[in-house]
>>> print(open('input-v2.cif').read())   # mmCIF, C-alpha atoms
data_structure
#
loop_
_atom_site.label_atom_id
_atom_site.label_comp_id
_atom_site.auth_asym_id
_atom_site.auth_seq_id
_atom_site.Cartn_x
_atom_site.Cartn_y
_atom_site.Cartn_z
CA HIS A 1 0.00 0.00 0.00
CA PHE A 2 1.22 3.51 -0.85
CA ILE A 3 0.08 5.79 1.96
CA ALA A 4 0.09 9.58 2.34
CA LYS A 5 1.73 10.74 5.56
CA GLU A 6 0.47 14.31 5.11
CA ASP A 7 -2.29 16.12 3.22
CA MET A 8 -1.42 16.22 -0.48
CA VAL A 9 -2.46 16.32 -4.13
CA PHE A 10 -1.54 13.12 -5.97
CA ALA A 11 0.52 13.20 -9.17
CA GLY A 12 2.08 10.00 -10.50
CA LYS A 13 -0.57 7.49 -11.52
CA GLU A 14 1.39 6.41 -14.60
CA ILE A 15 4.60 6.13 -12.58
CA ILE A 16 2.97 3.45 -10.44
CA LYS A 17 1.36 1.73 -13.43
CA GLN A 18 4.53 1.64 -15.52
CA GLY A 19 6.88 1.09 -12.60
CA PHE A 20 5.00 -1.99 -11.48
CA ASN A 21 4.08 -3.27 -14.95
CA ASP A 22 5.32 -6.74 -14.00
CA CYS A 23 3.05 -6.79 -10.92
CA PHE A 24 -0.68 -6.13 -10.65
CA ILE A 25 -2.53 -3.01 -9.59
CA ILE A 26 -5.19 -3.64 -6.97
CA SER A 27 -6.32 -0.02 -6.63
CA LEU A 28 -5.01 3.31 -7.89
CA LYS A 29 -6.48 6.80 -7.55
CA ASN A 30 -6.45 9.40 -10.32
CA ASP A 31 -3.96 12.24 -10.59
CA GLY A 32 -5.28 15.43 -9.03
CA THR A 33 -7.03 13.60 -6.18
CA HIS A 34 -6.61 15.24 -2.77
CA PHE A 35 -5.56 12.91 0.05
CA LYS A 36 -5.47 13.40 3.79
CA ALA A 37 -2.71 12.00 5.97
CA GLY A 38 -3.16 8.27 6.48
CA GLU A 39 -5.18 7.63 3.33
CA THR A 40 -4.13 4.98 0.79
CA ILE A 41 -3.16 6.23 -2.67
CA ALA A 42 -2.62 2.86 -4.35
CA SER A 43 -2.29 -0.84 -3.66
CA VAL A 44 -0.02 -3.11 -5.65
CA GLY A 45 0.39 -6.89 -5.54
CA GLY A 46 3.14 -9.21 -6.70
CA PRO A 47 6.39 -10.88 -5.69
CA SER A 48 7.99 -8.99 -2.80
CA ASP A 49 11.44 -8.91 -4.42
CA LYS A 50 10.12 -7.13 -7.53
CA ILE A 51 8.24 -4.57 -5.43
CA LEU A 52 11.13 -3.89 -3.06
CA LYS A 53 13.65 -3.36 -5.89
CA LYS A 54 11.53 -0.51 -7.22
CA GLU A 55 10.23 0.92 -3.97
CA ARG A 56 12.73 3.74 -3.39
CA VAL A 57 12.92 5.03 -6.97
CA ILE A 58 9.15 5.18 -7.33
CA LEU A 59 8.64 6.74 -3.91
CA ASN A 60 11.27 9.39 -4.65
CA LEU A 61 9.55 10.37 -7.89
CA LEU A 62 6.11 10.38 -6.31
CA GLN A 63 7.25 12.48 -3.36
CA ARG A 64 8.71 15.09 -5.71
CA LEU A 65 5.76 15.27 -8.10
CA CYS A 66 3.14 15.25 -5.36
CA GLY A 67 5.01 18.08 -3.65
CA ILE A 68 4.88 20.19 -6.82
CA ALA A 69 1.22 19.38 -7.49
CA THR A 70 0.27 20.19 -3.90
CA LEU A 71 2.03 23.57 -3.90
CA THR A 72 0.69 24.43 -7.36
CA ARG A 73 -2.87 23.71 -6.21
CA LYS A 74 -2.51 26.34 -3.48
CA TYR A 75 -1.40 28.96 -6.01
CA ALA A 76 -4.02 27.93 -8.58
CA GLU A 77 -6.90 28.18 -6.13
CA ILE A 78 -6.02 31.82 -5.49
CA GLY A 79 -5.40 32.60 -9.15
CA ASN A 80 -8.68 31.02 -10.25
CA GLY A 81 -10.60 33.49 -8.11
CA PHE A 82 -9.30 36.28 -10.35
CA ASN A 83 -9.28 34.38 -13.68
CA CYS A 84 -5.49 34.55 -13.52
CA LYS A 85 -3.43 31.61 -14.81
CA ILE A 86 -0.52 30.31 -12.75
CA LEU A 87 2.40 29.45 -15.04
CA ASP A 88 5.49 27.38 -14.44
CA THR A 89 8.97 28.41 -15.61
CA ARG A 90 12.03 26.63 -16.99
CA LYS A 91 13.49 26.33 -13.48
CA MET A 92 13.30 22.55 -13.41
CA THR A 93 15.36 19.71 -12.01
CA PRO A 94 17.72 18.43 -14.76
CA GLY A 95 16.33 15.23 -16.22
CA LEU A 96 12.90 15.66 -14.63
CA ARG A 97 11.50 18.53 -16.69
CA MET A 98 8.60 16.65 -18.27
CA PHE A 99 7.72 14.97 -14.98
CA GLU A 100 7.71 18.27 -13.11
CA LYS A 101 5.76 20.15 -15.76
CA TYR A 102 3.19 17.38 -15.66
CA ALA A 103 2.88 17.77 -11.89
CA VAL A 104 2.28 21.51 -12.33
CA ALA A 105 -0.56 20.75 -14.75
CA VAL A 106 -2.04 18.20 -12.34
CA GLY A 107 -2.02 20.85 -9.61
CA GLY A 108 -3.99 23.27 -11.78
CA GLY A 109 -1.12 25.33 -13.19
CA PHE A 110 -0.20 25.87 -16.82
CA ASN A 111 2.97 24.86 -18.65
CA HIS A 112 4.75 27.83 -20.20
CA ARG A 113 7.81 27.90 -22.46
CA LEU A 114 8.55 24.19 -22.59
CA ASP A 115 12.03 24.79 -23.99
CA LEU A 116 14.10 27.39 -25.86
CA LYS A 117 12.54 26.35 -29.18
CA SER A 118 8.98 26.96 -27.98
CA ALA A 119 9.19 30.75 -27.76
CA VAL A 120 11.64 33.63 -27.67
CA LEU A 121 11.86 35.31 -24.29
CA ILE A 122 14.07 38.40 -24.36
CA LYS A 123 15.30 38.84 -20.79
CA ASP A 124 17.29 41.56 -19.02
CA ASN A 125 20.64 39.95 -19.85
CA HIS A 126 19.68 39.83 -23.53
CA LEU A 127 18.82 43.53 -23.43
CA LEU A 128 22.16 44.35 -21.84
CA ALA A 129 24.04 42.21 -24.34
CA SER A 130 22.19 43.75 -27.30
CA GLY A 131 22.28 47.35 -26.12
CA GLY A 132 18.61 47.88 -25.32
CA VAL A 133 15.07 46.98 -26.33
CA LYS A 134 15.16 48.18 -29.93
CA PRO A 135 18.48 46.51 -30.88
CA ALA A 136 17.33 43.26 -29.25
CA LEU A 137 14.04 43.25 -31.16
CA LYS A 138 15.78 44.06 -34.43
CA ASN A 139 18.04 41.05 -33.89
CA ILE A 140 15.06 38.70 -33.94
CA SER A 141 13.09 40.38 -36.72
CA GLN A 142 14.14 37.60 -39.12
CA LEU A 143 11.97 35.09 -37.24
CA ASN A 144 8.93 36.48 -39.10
CA GLY A 145 6.43 35.18 -36.57
CA SER A 146 7.63 31.56 -36.68
CA VAL A 147 7.61 31.40 -32.88
CA PRO A 148 5.99 33.64 -30.24
CA ILE A 149 8.13 36.51 -28.97
CA GLU A 150 7.88 37.81 -25.41
CA LEU A 151 9.83 40.71 -23.92
CA GLU A 152 10.75 40.97 -20.25
CA VAL A 153 10.45 44.54 -18.95
CA ASP A 154 10.76 46.10 -15.53
CA ARG A 155 9.98 49.69 -16.56
CA LEU A 156 7.11 51.32 -18.43
CA ASP A 157 9.45 53.02 -20.91
CA GLN A 158 10.69 49.56 -22.01
CA LEU A 159 7.06 48.52 -22.49
CA ARG A 160 6.48 51.60 -24.63
CA GLU A 161 9.47 50.72 -26.84
CA GLY A 162 8.38 47.11 -27.14
CA LEU A 163 4.91 48.05 -28.39
CA GLU A 164 6.50 49.59 -31.46
CA TYR A 165 7.24 46.05 -32.64
CA GLU A 166 4.80 43.24 -33.32
CA ILE A 167 5.63 40.99 -30.39
CA ASN A 168 3.24 38.61 -28.72
CA GLY A 169 3.63 39.41 -25.07
CA PHE A 170 5.39 41.05 -22.16
CA LEU A 171 6.73 39.65 -18.93
CA LEU A 172 6.33 42.35 -16.28
CA ASP A 173 9.23 41.55 -14.00
CA ASN A 174 9.53 42.73 -10.39
CA MET A 175 6.85 45.40 -10.82
CA THR A 176 4.60 46.48 -7.98
CA PRO A 177 0.84 45.83 -8.28
CA ASP A 178 0.30 49.54 -9.00
CA GLU A 179 2.88 49.45 -11.79
CA ILE A 180 1.23 46.35 -13.26
CA VAL A 181 -2.14 48.14 -13.36
CA GLN A 182 -0.47 51.02 -15.19
CA ALA A 183 1.15 48.61 -17.64
CA ILE A 184 -2.13 46.84 -18.36
CA ASP A 185 -3.89 50.17 -19.00
CA PHE A 186 -1.05 51.37 -21.21
CA VAL A 187 -1.19 48.26 -23.41
CA LYS A 188 -4.99 48.44 -23.70
CA ASN A 189 -4.81 52.08 -24.77
CA ASN A 190 -1.85 51.78 -27.14
CA SER A 191 -2.15 48.44 -28.91
CA MET A 192 -4.75 47.06 -31.29
CA ASN A 193 -3.30 43.56 -30.97
CA ASN A 194 -4.07 40.85 -28.43
CA VAL A 195 -0.91 41.22 -26.33
CA PHE A 196 -0.26 38.60 -23.65
CA LEU A 197 0.78 39.99 -20.26
CA GLU A 198 2.27 38.01 -17.41
CA ALA A 199 3.81 39.11 -14.13
CA SER A 200 6.73 37.53 -12.33
CA GLY A 201 9.42 38.15 -9.77
CA GLY A 202 9.25 36.86 -6.21
CA ILE A 203 5.45 36.60 -6.04
CA THR A 204 4.58 34.35 -3.10
CA LEU A 205 1.42 32.73 -1.76
CA GLU A 206 1.15 35.62 0.68
CA THR A 207 1.33 38.31 -2.03
CA LEU A 208 -0.35 36.41 -4.89
CA LYS A 209 -3.87 37.71 -4.25
CA GLU A 210 -2.75 41.34 -4.50
CA TYR A 211 -1.02 40.69 -7.83
CA ALA A 212 -3.81 38.57 -9.29
CA ALA A 213 -6.33 41.31 -8.41
CA THR A 214 -4.57 43.71 -10.81
CA GLY A 215 -6.26 42.01 -13.76
CA ILE A 216 -3.05 40.47 -15.07
CA GLU A 217 -3.68 37.52 -17.39
CA ALA A 218 -1.07 35.22 -15.88
CA ILE A 219 1.60 35.02 -13.19
CA SER A 220 4.69 32.86 -13.62
CA VAL A 221 6.08 31.32 -10.43
CA GLY A 222 9.47 29.63 -10.35
CA ALA A 223 8.77 28.56 -6.77
CA LEU A 224 6.32 25.92 -8.02
CA THR A 225 9.36 23.76 -8.71
CA THR A 226 12.23 25.43 -6.86
CA SER A 227 10.45 25.70 -3.48
CA ALA A 228 8.15 22.68 -3.53
CA LYS A 229 8.66 20.41 -0.52
CA ASN A 230 8.67 16.68 -1.16
CA ILE A 231 5.56 15.04 0.21
CA ASN A 232 6.08 12.37 2.84
CA LEU A 233 4.86 9.01 1.53
CA LYS A 234 5.40 5.47 2.67
CA MET A 235 4.96 1.99 1.26
CA GLU A 236 3.79 -0.76 3.64
CA PHE A 237 3.36 -4.47 3.05
CA ASN A 238 0.25 -6.29 4.20
CA LYS A 239 1.03 -9.26 6.35
CA VAL A 240 0.33 -12.35 4.25
CA SER A 241 -1.15 -15.32 6.07
CA GLU A 242 0.37 -18.73 5.32
#
>>> encode(input="input-v2.cif", output="structure tokens")
Amino acid sequence: HFIAKEDMVFAGKEIIKQGFNDCFIISLKNDGTHFKAGETIASVGGPSDKILKKERVILNLLQRLCGIATLTRKYAEIGNGFNCKILDTRKMTPGLRMFEKYAVAVGGGFNHRLDLKSAVLIKDNHLLASGGVKPALKNISQLNGSVPIELEVDRLDQLREGLEYEINGFLLDNMTPDEIVQAIDFVKNNSMNNVFLEASGGITLETLKEYAATGIEAISVGALTTSAKNINLKMEFNKVSE
């Protein structure tokens, strides 16, 4: 039996199914199910040696993914109240990116920028290396809309420069809620296009409500994966009568 030792959101149904594909599944709950401490997530049967060889690897993965899903659910519940999407980032554990992004989705978050080929994000270091907003945007003009382009800004004057080019979105980095409201109003009044706006930069569970209330479309949170605490799980054998 796989048992939750604390309240949690489950993510890892396929890990159990595929990990124990040479055993048999007695019971297995769906991803996204909320469990209280002491409740059974899944029950697996088979030869004890096969189960024990896989125990630690599977538990380690489950603990990590359930931790991410559980933390994401807390953020998503706040964001949903303001029709604000909670996005993940590329701050992932090497080798576990697809697992961790899946856990974010299970928790109610949204996967954003899967890899460097998915979209162009022009960040502060790119602006410094290129010499500013306009030179950076000119450098990518040859893409001709083949991938989405998003510009990270931390000042309204950068936003103003960026709107002169046909880019798809802006990442409002480390802005205050008041500055975000100003940025949203500026884009609405100065662009005829559907420009995507997301906020980011140290937004926590404690401050999330204030940021989501600005009307921002989405908030990206690196902490979904960098600050998620592994959930405490255990696997216990049933005593088998002879």
>>> resolve_selection(input="input-v2.cif", expression="the PyMOL selection byres ((chain A and resi 8) around 12)", output="ChimeraX atom specification")
/A:3-7,9-11,31-41,62-74,107,228-233
>>> resolve_selection(input="input-v2.cif", expression="the PyMOL selection byres ((chain A and resi 50-54) around 12)", output="PyMOL selection string")
chain A and resi 1-2+15-16+18-25+43-49+55-61+235-237
>>> residues_near_point(input="input-v2.cif", point="(3.3, 37.1, -30.6)", cutoff="9 Å", atoms="only C-alpha atoms", output="VMD selection string")
chain A and resid 145 147 to 150 166 to 169 194 to 196
>>> write_last_selection(input="input-v2.cif", atoms="C-alpha atoms", output="mmCIF file, keeping the file's coordinate frame")
data_model
loop_
_atom_site.group_PDB
_atom_site.id
_atom_site.type_symbol
_atom_site.label_atom_id
_atom_site.label_comp_id
_atom_site.auth_asym_id
_atom_site.auth_seq_id
_atom_site.Cartn_x
_atom_site.Cartn_y
_atom_site.Cartn_z
ATOM 1 C CA GLY A 145 6.430 35.180 -36.570
ATOM 2 C CA VAL A 147 7.610 31.400 -32.880
ATOM 3 C CA PRO A 148 5.990 33.640 -30.240
ATOM 4 C CA ILE A 149 8.130 36.510 -28.970
ATOM 5 C CA GLU A 150 7.880 37.810 -25.410
ATOM 6 C CA GLU A 166 4.800 43.240 -33.320
ATOM 7 C CA ILE A 167 5.630 40.990 -30.390
ATOM 8 C CA ASN A 168 3.240 38.610 -28.720
ATOM 9 C CA GLY A 169 3.630 39.410 -25.070
ATOM 10 C CA ASN A 194 -4.070 40.850 -28.430
ATOM 11 C CA VAL A 195 -0.910 41.220 -26.330
ATOM 12 C CA PHE A 196 -0.260 38.600 -23.650
#
>>> resolve_selection(input="input-v2.cif", expression="the PyMOL selection byres ((chain A and resi 76) around 12)", output="PyMOL selection string")
chain A and resi 68-75+77-88+104-110+205+208-209+212+218-221+224
>>> closest_residue(input="input-v2.cif", among="A:Asn174, A:Asn30, A:Thr89, A:Asn238", to="Ile203 of chain A", atoms="only C-alpha atoms")
A:Asn174
>>> closest_residue(input="input-v2.cif", among="A:Asn189, A:Gln182, A:Asn139, A:Thr204", to="Ile216 of chain A", atoms="only C-alpha atoms")
A:Gln182
>>> closest_residue(input="input-v2.cif", among="A:Asp115, A:Asp173, A:Glu217, A:Asp157", to="Ser200 of chain A", atoms="only C-alpha atoms")
A:Asp173
>>> atom_distance(input="input-v2.cif", atom1="atom CA of Glu206 of chain A", atom2="atom CA of Ser227 of chain A")
14.2 Å
>>> residues_around(input="input-v2.cif", residues="Val187 of chain A", least_positions_apart="2", cutoff="10 Å", atoms="all atoms listed in the file", output="list in words")
Leu159, Arg160, Leu163, Phe170, Gln182, Ala183, Ile184, Asp185, Asn189, Asn190, Ser191, Met192, Asn193, Asn194, Val195, Phe196 and Leu197 of chain A
>>> atom_distance(input="input-v2.cif", atom1="atom CA of Ser146 of chain A", atom2="atom CA of Ser130 of chain A")
21.2 Å
>>> residues_around(input="input-v2.cif", residues="Thr93 of chain A", least_positions_apart="3", cutoff="9 Å", atoms="all atoms listed in the file", output="list in words")
Leu96, Arg97, Glu100, Thr225 and Thr226 of chain A
